[in-house]
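> I'd like to ask some things about the structure below.
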Amino acid sequence: MATGRTPRENLAIFALRTVNWLSRITRRGSGTVAGGHVGLRIAPNLLAVLARGRTIIVVSGTNGKTTTTALCAAGWGGQVTTNATGANMPAGHVAALAGSTSQRVVLEVDEAWLSEVIDAAKPRVAILLNLSRDQLDRANEVRQMAERWRGTLGRGDREMVVVANANDPLVVYAALDAPRVRWCDVATSWTGDSQSCPRCTQPLEHSASGWSCSCALAKPVDLTTTLGRDLVVGGECAALELSIPGEYNRANAAMAATALKEVGVDLAESLARMRSVTGVAGRYTVRSWRGRHVRLLLAKNPAGFGALLSMVPSEPVDVWVAINANVADGRDPSWLYDVAFEELAGHVVWCLGSRRLDLATRLDYARVNYRIVNDFSDLPTTATPVDLLANYTAFQEWMARSRPC
Amino acid sequence: MLYPELLGTYGDGGNGLVLLERARRRGIEASLSSVTMRDAVPDADVYLLGGGEDGPQRLASDLLLGSDFLQRVANGAHVVAVCAGLQLLGRTFSVEGNDECAGLGLVDAVTHRGAVRSVGELAVQVGERLLVGFENHGGRTTLGDGVAALGTVVKGRANDGLVDGYRSERVWATYAHGPVLAMNPWFADEIVSTVLGRELAPLETAADLLYRLRCEVLTGG
């Protein structure tokens, strides 16, 4: 693998591996990002160096990145390198690549870093899932993100294939000028950020078959992938059955399969392999905590939370919801008012996390029964597994607090 | 609630829900309608404007200029404006590529692009009360002579690091999201009470606990 590297680049890789090894043996961390930072400091072009000669698929978008990355890696089969959960910026990418020699690579990429990663890693395929409001205190505005994507994807010299969600106007706007696009007709439930046209701001018309604007921006008609009961990719049809729940995960799998077909993976075979994915970094898995069984569900923003609410059973049950507002969550929990918590009417919601009073206030105004949990001993025991919906750092806390069943 | 699809980026749609619930729970008949870009501006006692991005803010301003909105305010309607809403009621505001976009001119205020974006917790002293929320904008707003600010900044930047928003007989404007009326039940009640022209019965909600906690957190004690 050391072909054509300069001494400086080799030093950077050596330093990266050493830092990560030290980090692991001293148990200071899982050893991914720290070493990556050191390596990039020594050789800023390290991502390009490590990516050379490999077949890379990148996955980006507001929601579903981690799950789609896992589905893509499983569906590819054989030895596939991916970055660790949460390490979705260049430091995490170089750490993942330095830690393996496999040819097949799937990288989850933070939306704000997509341009840099595409320029350096030169992926064969980029999957663009969706764009919606998320952590606005950091990324500011979602339309600006679409503009940045557009600038990088529209460059005529790209060999890369873009696999893009045709039902998300912001994604379509971003990918419209890309030389090679495979449009996917997959469900998107969140339309809160696509009421006005990303190109001209005029109102978008939404109908059962698609969306369009008076400026002629519209849902693409040359669809490569359609998802109904079965999945059709490039005229080939296959049954899509997953082990993880949610209509949005079927959409994620459809886009992963479309990307894999671009690198020569048989459709039916990739879908069969995706069935082995039963949980992704703890998500969707039932865990044990103080004698209870808790199913952990992660959502980080209104679109993700809305999708999770549709999974709560309709009969009256207890639901636990944990909300934090740390830096990684976005420090402004105003987004709680963009989630239709009214759908939880009839249930009892137990409010957890550092922003549980913000949540309780939201539920109060939504006329949903709530309990504020200031002390864990107030939580009821449950005979059946209880669903715990949590945002990012709250989810991590509950992962640490609970054990596998 | 005016153009939530344009001016609703930061959960400000919650302000309408809060006014509605706080009125209804006191037995006051109230209804909330969302006015989209395709609708005419209907008659209302109070209009709500939220925060939004550059393009949508400009479109909302143009739509309002072509509507009956200003006439209805002149006839006695009230307005609660947050962030982009605050900016577009002024004489001019700034969007990418144009530093002097025409606003509605309802209030003598101008907004230019600030040197840095203002993102973080916001606390404002409004009379005897503290108003708490979260700001996220790139504007620097200057009020004309004789325009009263809503309050003075205790934490955060708001208009210019000194004061937040503005207050006239029938307009409340602030940079605070949160949504601001959910976080500050007293402020929501002041609006309902002013619009109705009478005192309100006390009302206990989860928001009282939230407000107390945020005040403690933001004033460091």
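Chain identifiers are assigned as A, B, and so on, following the order in which chains appear in the structure tokens; residues are numbered from 1 within each chain, and ligands are numbered from 1 in order of appearance.
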Tell me, as a list of chain:residue names, which residues lie within 8 Å of A:Tyr173, counting only C-alpha atoms; anything in the same chain fewer than 5 positions away does not count.
A:Ala146, A:Arg150, A:Pro198, A:Arg199, A:Leu217
> Enumerate, in order of chain and increasing residue number, the residues of chain A with an atom no farther than 6 Å from chain B, each with its shortest atom pair and distance in Å to one decimal, counting only C-alpha atoms, as CSV.

```
residue,atom,partner,partner_atom,distance
A:Gln195,CA,B:Glu5,CA,5.8
A:Ser334,CA,B:Gly178,CA,4.8
A:Trp335,CA,B:Gly11,CA,5.0
A:Tyr337,CA,B:Gly11,CA,5.0
A:Asp338,CA,B:Gly11,CA,5.4
A:Leu357,CA,B:Leu210,CA,5.3
A:Thr361,CA,B:Ala206,CA,4.9
```
> Any chance you can output those residues with C-alpha atoms as a JSON list (two decimals), in the first residue's frame?

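What landed in out-v9.json:
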```json
[["chain", "number", "residue", "atom", "x", "y", "z"],
["A", 195, "GLN", "CA", -42.36, 24.66, 0.73],
["A", 334, "SER", "CA", -36.67, 25.45, 19.55],
["A", 335, "TRP", "CA", -37.01, 22.61, 17.02],
["A", 337, "TYR", "CA", -42.06, 22.99, 18.12],
["A", 338, "ASP", "CA", -41.40, 21.68, 14.60],
["A", 357, "LEU", "CA", -38.62, 21.15, 30.96],
["A", 361, "THR", "CA", -43.67, 22.68, 28.03]]
```
> Would you list the contacts of stretch 353-355 of chain A as a count of residues only, taking every protein, DNA or RNA residue within 10 Å and counting only C-alpha atoms, but skipping same-chain residues closer than 6 positions in sequence?
19
> So which residues touch A:Gly291 within 12 Å, counting only C-alpha atoms, skipping near sequence neighbours fewer than 5 positions away, as a PyMOL selection string?
chain A and resi 379-386+402-405
> Record the distance separating atom CA of A:Ala340 and atom CA of A:Ser310, expressed in Å with one decimal.
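Distance reported for this atom pair: 10.2 Å.
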> If you run DSSP over the backbone, which residues in stretch 25-213 of chain A end up helix (DSSP H, G or I)? Put them as a VMD selection string.
chain A and resid 25 33 to 42 46 to 51 65 to 76 90 to 98 111 to 121 136 to 139 142 to 153 169 to 175
> Could you go through stretch 58-160 of chain B and tell me which residues DSSP, when run on the backbone, assigns to strand (DSSP E or B), listing them as number ranges by chain?
B: 78-82, 92-95, 98-102, 109-126, 129-143, 148, 151-155
> Smallest atom-to-atom distance to B:Leu203: which of B:Leu49, B:Asp189, B:Gly165, B:Gly90, using only C-alpha atoms?
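Going through B:Leu49, B:Asp189, B:Gly165, B:Gly90 one by one, the smallest distance to B:Leu203 is for B:Asp189.
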> In Å to one decimal, how far is atom CA of A:Thr201 from atom CA of A:Leu176?
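Here the two named atoms are 16.6 Å from each other.
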> At a cut-off of 10 Å, using only C-alpha atoms, what residues contact B:Phe187? Leave out same-chain residues fewer than 6 positions from it and give the result as a ChimeraX atom specification.
/B:19,126,129-131,172,180-181,193
> Would you save the residues from that selection as a CSV table (one decimal), in the first residue's frame, using C-alpha atoms?

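Result went into out07.csv, see below:
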```csv
chain,number,residue,atom,x,y,z
B,19,LEU,CA,-51.1,32.3,22.4
B,126,VAL,CA,-38.0,44.2,29.8
B,129,ARG,CA,-39.1,41.1,33.9
B,130,LEU,CA,-36.4,39.0,32.2
B,131,LEU,CA,-37.1,37.7,28.7
B,172,TRP,CA,-43.6,43.6,19.9
B,180,VAL,CA,-40.0,33.2,22.8
B,181,LEU,CA,-43.7,32.9,23.9
B,193,SER,CA,-53.9,40.9,27.7
```
